[in-house]
Amino acid sequence: MSILGYIVSAVLGVSLISLIGVVFFWLNQKLVSKIVPWLVAFAAGTLLAAAWFDLIPESLVGLGETAFIWVVAGILLFLMFEQVLHWHHEHGHDCDECDHRPKTVVGYSVLVGDGLHNFLDGVLIASAFMASIPVGIATTLAVLFHEIPQELGDFGVLLHSGFSRTKALYFNFISALAAVAGGLVAYLALNSVQNMIPYVVAVGAGGFLYIALTDLFAELKGGKNIILRFGQLIILIFGMLLIYYLV
């Protein structure tokens with residue numbers, strides 16, 4: 001399979017994850033809320049592993065120690081991204097800051113923010129595959145596992161915002177297709193500027209670290225059950241080992 005084939009397959013797979021919201025059709029929302037913390041822990045582990053074991057080493061090959069500057073730049077970029085958009089990985093929780101706005105506005109804001117995030121995911125996946133196939137696979141797996149709890153949370157917010165289940169699934173999928181656009185744009189742009197790939201990979205590693213250590217870890221620290229906390233730690237480590245040994 002060509003590099004473009006890998007990229008298209010990966011971003012389409014990531015986009016299809018948005019349809020996981022269909023579980024709300026037959027699963028009780030309370031049951032979903034119990035599953036999500038475990039998914040968040042697993043996603044945090046895969047993101048950390050993809051950054052440390054694949055993206056950062058790959059960027060070091062092309063940039064040397066300068067890569068760490070771009071990793072920090074990626075962390076700051078994702079912080080600024082969230083600050084500007086007022087977008088957070090709520091994973092099923094209501095947004096207290098948004099209570100004063102009409103519910104439908106909150107729903108569409110989530111879709112816009114998620115669309116931009118998915119576009120960046122597509123850019124990162126494409127640049128990772130263009131760096132090497134193993135790095136691309138590790139990055140895709142990390143994005144996929146991260147998207148599952150995020151999409152469940154987004155779907156819940158859309159329902160809370162007044163969207164019907166069918167409409168929420170439809171718009172969430174359209175937003176997710178931005179990953180395909182991001183992947184194709186990155187492939188076309190970076191194909192002619194190969195020396196930019198290590199920079200994009202390093203910035204992406206910073207983004208993964210930011211999401212894992214701020215958004216996802218914040219969710220993990222919220223639990224009061226000590227058994228749940230230790231269980232999440234084990235799941236997190238398992239997620240790291242999966243990426244480390246499989247890719």
# chains A, B, ... in the order shown; residues from 1 in each chain; ligands from 1
call {"tool": "closest_atom_pairs", "arguments": {"of": "stretch 114-220 of chain A", "to": "stretch 14-25 of chain A", "cutoff": "7 Å", "atoms": "only C-alpha atoms", "output": "Markdown table"}}
result
| residue | atom | partner | partner_atom | distance |
| --- | --- | --- | --- | --- |
| A:Leu144 | CA | A:Val14 | CA | 5.6 |
| A:Glu147 | CA | A:Ile17 | CA | 6.8 |
| A:Ile148 | CA | A:Ile17 | CA | 6.5 |
| A:Glu151 | CA | A:Ser18 | CA | 5.6 |
| A:Leu152 | CA | A:Gly21 | CA | 5.4 |
| A:Phe155 | CA | A:Gly21 | CA | 5.7 |
| A:Leu169 | CA | A:Leu19 | CA | 6.3 |
| A:Asn172 | CA | A:Ser18 | CA | 6.2 |
| A:Phe173 | CA | A:Ser18 | CA | 5.5 |
| A:Ala176 | CA | A:Ser15 | CA | 4.7 |
| A:Leu177 | CA | A:Ser15 | CA | 5.4 |
| A:Ala179 | CA | A:Ser15 | CA | 6.6 |
call {"tool": "residues_around", "arguments": {"residues": "A:Pro134", "least_positions_apart": "5", "cutoff": "10 Å", "atoms": "only C-alpha atoms", "output": "PDB file with N, CA and C atoms, in the first residue's frame"}}
result
ATOM      1  N   ASP A  54       7.539   7.140  19.905  1.00  0.00           N
ATOM      2  CA  ASP A  54       7.510   7.187  18.442  1.00  0.00           C
ATOM      3  C   ASP A  54       7.735   8.594  17.874  1.00  0.00           C
ATOM      4  N   ALA A 128       2.991  11.791  10.295  1.00  0.00           N
ATOM      5  CA  ALA A 128       3.583  10.629  10.948  1.00  0.00           C
ATOM      6  C   ALA A 128       3.831   9.505   9.945  1.00  0.00           C
ATOM      7  N   PHE A 129       2.871   9.252   9.065  1.00  0.00           N
ATOM      8  CA  PHE A 129       3.061   8.206   8.047  1.00  0.00           C
ATOM      9  C   PHE A 129       4.158   8.591   7.061  1.00  0.00           C
ATOM     10  N   THR A 139       0.695   6.546  15.840  1.00  0.00           N
ATOM     11  CA  THR A 139      -0.049   7.797  15.953  1.00  0.00           C
ATOM     12  C   THR A 139      -1.532   7.570  15.702  1.00  0.00           C
ATOM     13  N   THR A 140      -1.839   6.773  14.690  1.00  0.00           N
ATOM     14  CA  THR A 140      -3.244   6.487  14.372  1.00  0.00           C
ATOM     15  C   THR A 140      -3.933   5.763  15.520  1.00  0.00           C
ATOM     16  N   LEU A 246       3.514  -3.195  20.301  1.00  0.00           N
ATOM     17  CA  LEU A 246       2.840  -3.547  19.045  1.00  0.00           C
ATOM     18  C   LEU A 246       3.383  -2.790  17.861  1.00  0.00           C
ATOM     19  N   VAL A 247       3.945  -1.620  18.110  1.00  0.00           N
ATOM     20  CA  VAL A 247       4.384  -0.782  16.990  1.00  0.00           C
ATOM     21  C   VAL A 247       5.901  -0.653  16.993  1.00  0.00           C
TER      22      VAL A 247
END
call {"tool": "atom_distance", "arguments": {"atom1": "atom CA of A:Leu111", "atom2": "atom CA of A:Ile174"}}
result
8.9 Å
call {"tool": "atom_distance", "arguments": {"atom1": "atom CA of A:Leu47", "atom2": "atom CA of A:Ile237"}}
result
11.2 Å
call {"tool": "closest_residue", "arguments": {"among": "A:Gly156, A:Ala181, A:Val71, A:Phe238", "to": "A:Val201", "atoms": "only C-alpha atoms"}}
result
A:Val71
call {"tool": "select_by_dssp", "arguments": {"residues": "stretch 176-240 of chain A", "states": "alpha helix (DSSP H)", "output": "MDAnalysis selection string"}}
result
chainID A and resid 176 178:191 197:210 217:220 226:240
call {"tool": "write_last_selection", "arguments": {"atoms": "N, CA and C atoms", "output": "tab-separated table (two decimals), in the first residue's frame"}}
result
chain	number	residue	atom	x	y	z
A	176	ALA	N	-16.17	15.02	12.02
A	176	ALA	CA	-15.06	14.07	12.06
A	176	ALA	C	-14.36	13.96	10.71
A	178	ALA	N	-13.35	16.15	8.95
A	178	ALA	CA	-12.29	17.16	8.84
A	178	ALA	C	-10.92	16.50	8.95
A	179	ALA	N	-10.86	15.33	9.61
A	179	ALA	CA	-9.59	14.59	9.69
A	179	ALA	C	-9.12	14.16	8.31
A	180	VAL	N	-10.06	13.79	7.44
A	180	VAL	CA	-9.71	13.41	6.07
A	180	VAL	C	-9.14	14.61	5.34
A	181	ALA	N	-9.79	15.75	5.50
A	181	ALA	CA	-9.29	16.98	4.87
A	181	ALA	C	-7.89	17.32	5.37
A	182	GLY	N	-7.70	17.22	6.69
A	182	GLY	CA	-6.39	17.51	7.27
A	182	GLY	C	-5.31	16.58	6.74
A	183	GLY	N	-5.65	15.30	6.63
A	183	GLY	CA	-4.69	14.32	6.13
A	183	GLY	C	-4.28	14.60	4.69
A	184	LEU	N	-5.27	14.90	3.85
A	184	LEU	CA	-4.98	15.15	2.43
A	184	LEU	C	-4.21	16.45	2.24
A	185	VAL	N	-4.60	17.50	2.97
A	185	VAL	CA	-3.90	18.79	2.88
A	185	VAL	C	-2.44	18.62	3.30
A	186	ALA	N	-2.23	17.91	4.42
A	186	ALA	CA	-0.86	17.71	4.91
A	186	ALA	C	-0.04	16.90	3.91
A	187	TYR	N	-0.64	15.86	3.33
A	187	TYR	CA	0.09	15.03	2.37
A	187	TYR	C	0.53	15.85	1.16
A	188	LEU	N	-0.40	16.66	0.63
A	188	LEU	CA	-0.09	17.46	-0.56
A	188	LEU	C	0.95	18.54	-0.25
A	189	ALA	N	0.84	19.12	0.96
A	189	ALA	CA	1.77	20.20	1.33
A	189	ALA	C	3.15	19.65	1.68
A	190	LEU	N	3.17	18.61	2.51
A	190	LEU	CA	4.45	18.10	3.00
A	190	LEU	C	5.18	17.25	1.97
A	191	ASN	N	4.45	16.77	0.97
A	191	ASN	CA	5.08	15.95	-0.06
A	191	ASN	C	6.13	16.75	-0.83
A	197	ILE	N	8.52	17.79	7.75
A	197	ILE	CA	7.86	16.68	8.44
A	197	ILE	C	8.34	16.52	9.89
A	198	PRO	N	9.66	16.55	10.18
A	198	PRO	CA	10.09	16.41	11.58
A	198	PRO	C	9.53	17.50	12.50
A	199	TYR	N	9.36	18.72	11.96
A	199	TYR	CA	8.81	19.81	12.76
A	199	TYR	C	7.36	19.54	13.12
A	200	VAL	N	6.58	19.09	12.13
A	200	VAL	CA	5.17	18.78	12.38
A	200	VAL	C	5.04	17.63	13.37
A	201	VAL	N	5.90	16.62	13.22
A	201	VAL	CA	5.88	15.47	14.13
A	201	VAL	C	6.20	15.91	15.56
A	202	ALA	N	7.20	16.79	15.72
A	202	ALA	CA	7.58	17.27	17.05
A	202	ALA	C	6.45	18.08	17.68
A	203	VAL	N	5.84	18.96	16.90
A	203	VAL	CA	4.71	19.75	17.40
A	203	VAL	C	3.55	18.83	17.78
A	204	GLY	N	3.32	17.80	16.96
A	204	GLY	CA	2.27	16.83	17.27
A	204	GLY	C	2.54	16.08	18.56
A	205	ALA	N	3.81	15.76	18.80
A	205	ALA	CA	4.17	15.10	20.06
A	205	ALA	C	3.84	16.00	21.25
A	206	GLY	N	4.12	17.29	21.11
A	206	GLY	CA	3.77	18.23	22.17
A	206	GLY	C	2.27	18.29	22.39
A	207	GLY	N	1.50	18.21	21.29
A	207	GLY	CA	0.05	18.20	21.41
A	207	GLY	C	-0.45	16.97	22.14
A	208	PHE	N	0.12	15.81	21.82
A	208	PHE	CA	-0.26	14.58	22.50
A	208	PHE	C	0.03	14.67	24.00
A	209	LEU	N	1.23	15.20	24.33
A	209	LEU	CA	1.60	15.34	25.74
A	209	LEU	C	0.65	16.29	26.45
A	210	TYR	N	0.29	17.37	25.80
A	210	TYR	CA	-0.61	18.35	26.41
A	210	TYR	C	-1.97	17.72	26.70
A	217	PHE	N	-5.48	13.57	32.23
A	217	PHE	CA	-5.06	13.34	33.60
A	217	PHE	C	-5.97	14.06	34.59
A	218	ALA	N	-6.52	15.20	34.17
A	218	ALA	CA	-7.47	15.92	35.03
A	218	ALA	C	-8.70	15.07	35.30
A	219	GLU	N	-9.12	14.31	34.29
A	219	GLU	CA	-10.26	13.41	34.45
A	219	GLU	C	-9.92	12.28	35.41
A	220	LEU	N	-8.70	11.77	35.31
A	220	LEU	CA	-8.29	10.64	36.14
A	220	LEU	C	-8.19	11.04	37.61
A	226	ILE	N	-10.68	4.73	45.48
A	226	ILE	CA	-9.26	4.38	45.40
A	226	ILE	C	-9.03	3.18	44.49
A	227	ILE	N	-9.98	2.25	44.45
A	227	ILE	CA	-9.85	1.09	43.57
A	227	ILE	C	-9.92	1.52	42.11
A	228	LEU	N	-10.83	2.46	41.83
A	228	LEU	CA	-10.95	2.98	40.47
A	228	LEU	C	-9.66	3.69	40.06
A	229	ARG	N	-9.07	4.45	40.97
A	229	ARG	CA	-7.84	5.19	40.65
A	229	ARG	C	-6.70	4.24	40.30
A	230	PHE	N	-6.50	3.21	41.11
A	230	PHE	CA	-5.44	2.25	40.84
A	230	PHE	C	-5.74	1.45	39.58
A	231	GLY	N	-7.01	1.15	39.38
A	231	GLY	CA	-7.39	0.44	38.17
A	231	GLY	C	-7.09	1.26	36.93
A	232	GLN	N	-7.38	2.56	36.99
A	232	GLN	CA	-7.11	3.44	35.86
A	232	GLN	C	-5.60	3.53	35.59
A	233	LEU	N	-4.81	3.54	36.67
A	233	LEU	CA	-3.36	3.57	36.51
A	233	LEU	C	-2.86	2.33	35.77
A	234	ILE	N	-3.42	1.19	36.13
A	234	ILE	CA	-3.04	-0.07	35.46
A	234	ILE	C	-3.44	-0.03	33.99
A	235	ILE	N	-4.65	0.47	33.72
A	235	ILE	CA	-5.12	0.58	32.33
A	235	ILE	C	-4.25	1.55	31.54
A	236	LEU	N	-3.84	2.64	32.19
A	236	LEU	CA	-2.97	3.63	31.54
A	236	LEU	C	-1.64	2.98	31.14
A	237	ILE	N	-1.05	2.24	32.08
A	237	ILE	CA	0.23	1.56	31.80
A	237	ILE	C	0.05	0.52	30.69
A	238	PHE	N	-1.09	-0.17	30.72
A	238	PHE	CA	-1.37	-1.15	29.67
A	238	PHE	C	-1.44	-0.47	28.30
A	239	GLY	N	-2.06	0.71	28.24
A	239	GLY	CA	-2.13	1.46	26.99
A	239	GLY	C	-0.76	1.83	26.48
A	240	MET	N	0.14	2.23	27.40
A	240	MET	CA	1.51	2.57	27.02
A	240	MET	C	2.25	1.34	26.48
call {"tool": "closest_residue", "arguments": {"among": "A:Leu158, A:Leu120, A:Leu63, A:Ile137", "to": "A:Tyr108", "atoms": "only C-alpha atoms"}}
result
A:Leu158
call {"tool": "closest_residue", "arguments": {"among": "A:Ser164, A:Leu76, A:Leu213, A:Val135", "to": "A:Ile56", "atoms": "only C-alpha atoms"}}
result
A:Val135
call {"tool": "atom_distance", "arguments": {"atom1": "atom CA of A:Thr46", "atom2": "atom CA of A:Ala142"}}
result
5.0 Å
call {"tool": "closest_residue", "arguments": {"among": "A:Leu116, A:Ile3, A:Val193, A:Val157", "to": "A:Phe78", "atoms": "only C-alpha atoms"}}
result
A:Leu116
call {"tool": "closest_residue", "arguments": {"among": "A:Val36, A:Ala49, A:Ile243, A:Met80", "to": "A:Ala212", "atoms": "only C-alpha atoms"}}
result
A:Ala49
call {"tool": "closest_residue", "arguments": {"among": "A:Gly5, A:Gly13, A:Val40, A:Gly74", "to": "A:Pro149", "atoms": "only C-alpha atoms"}}
result
A:Val40
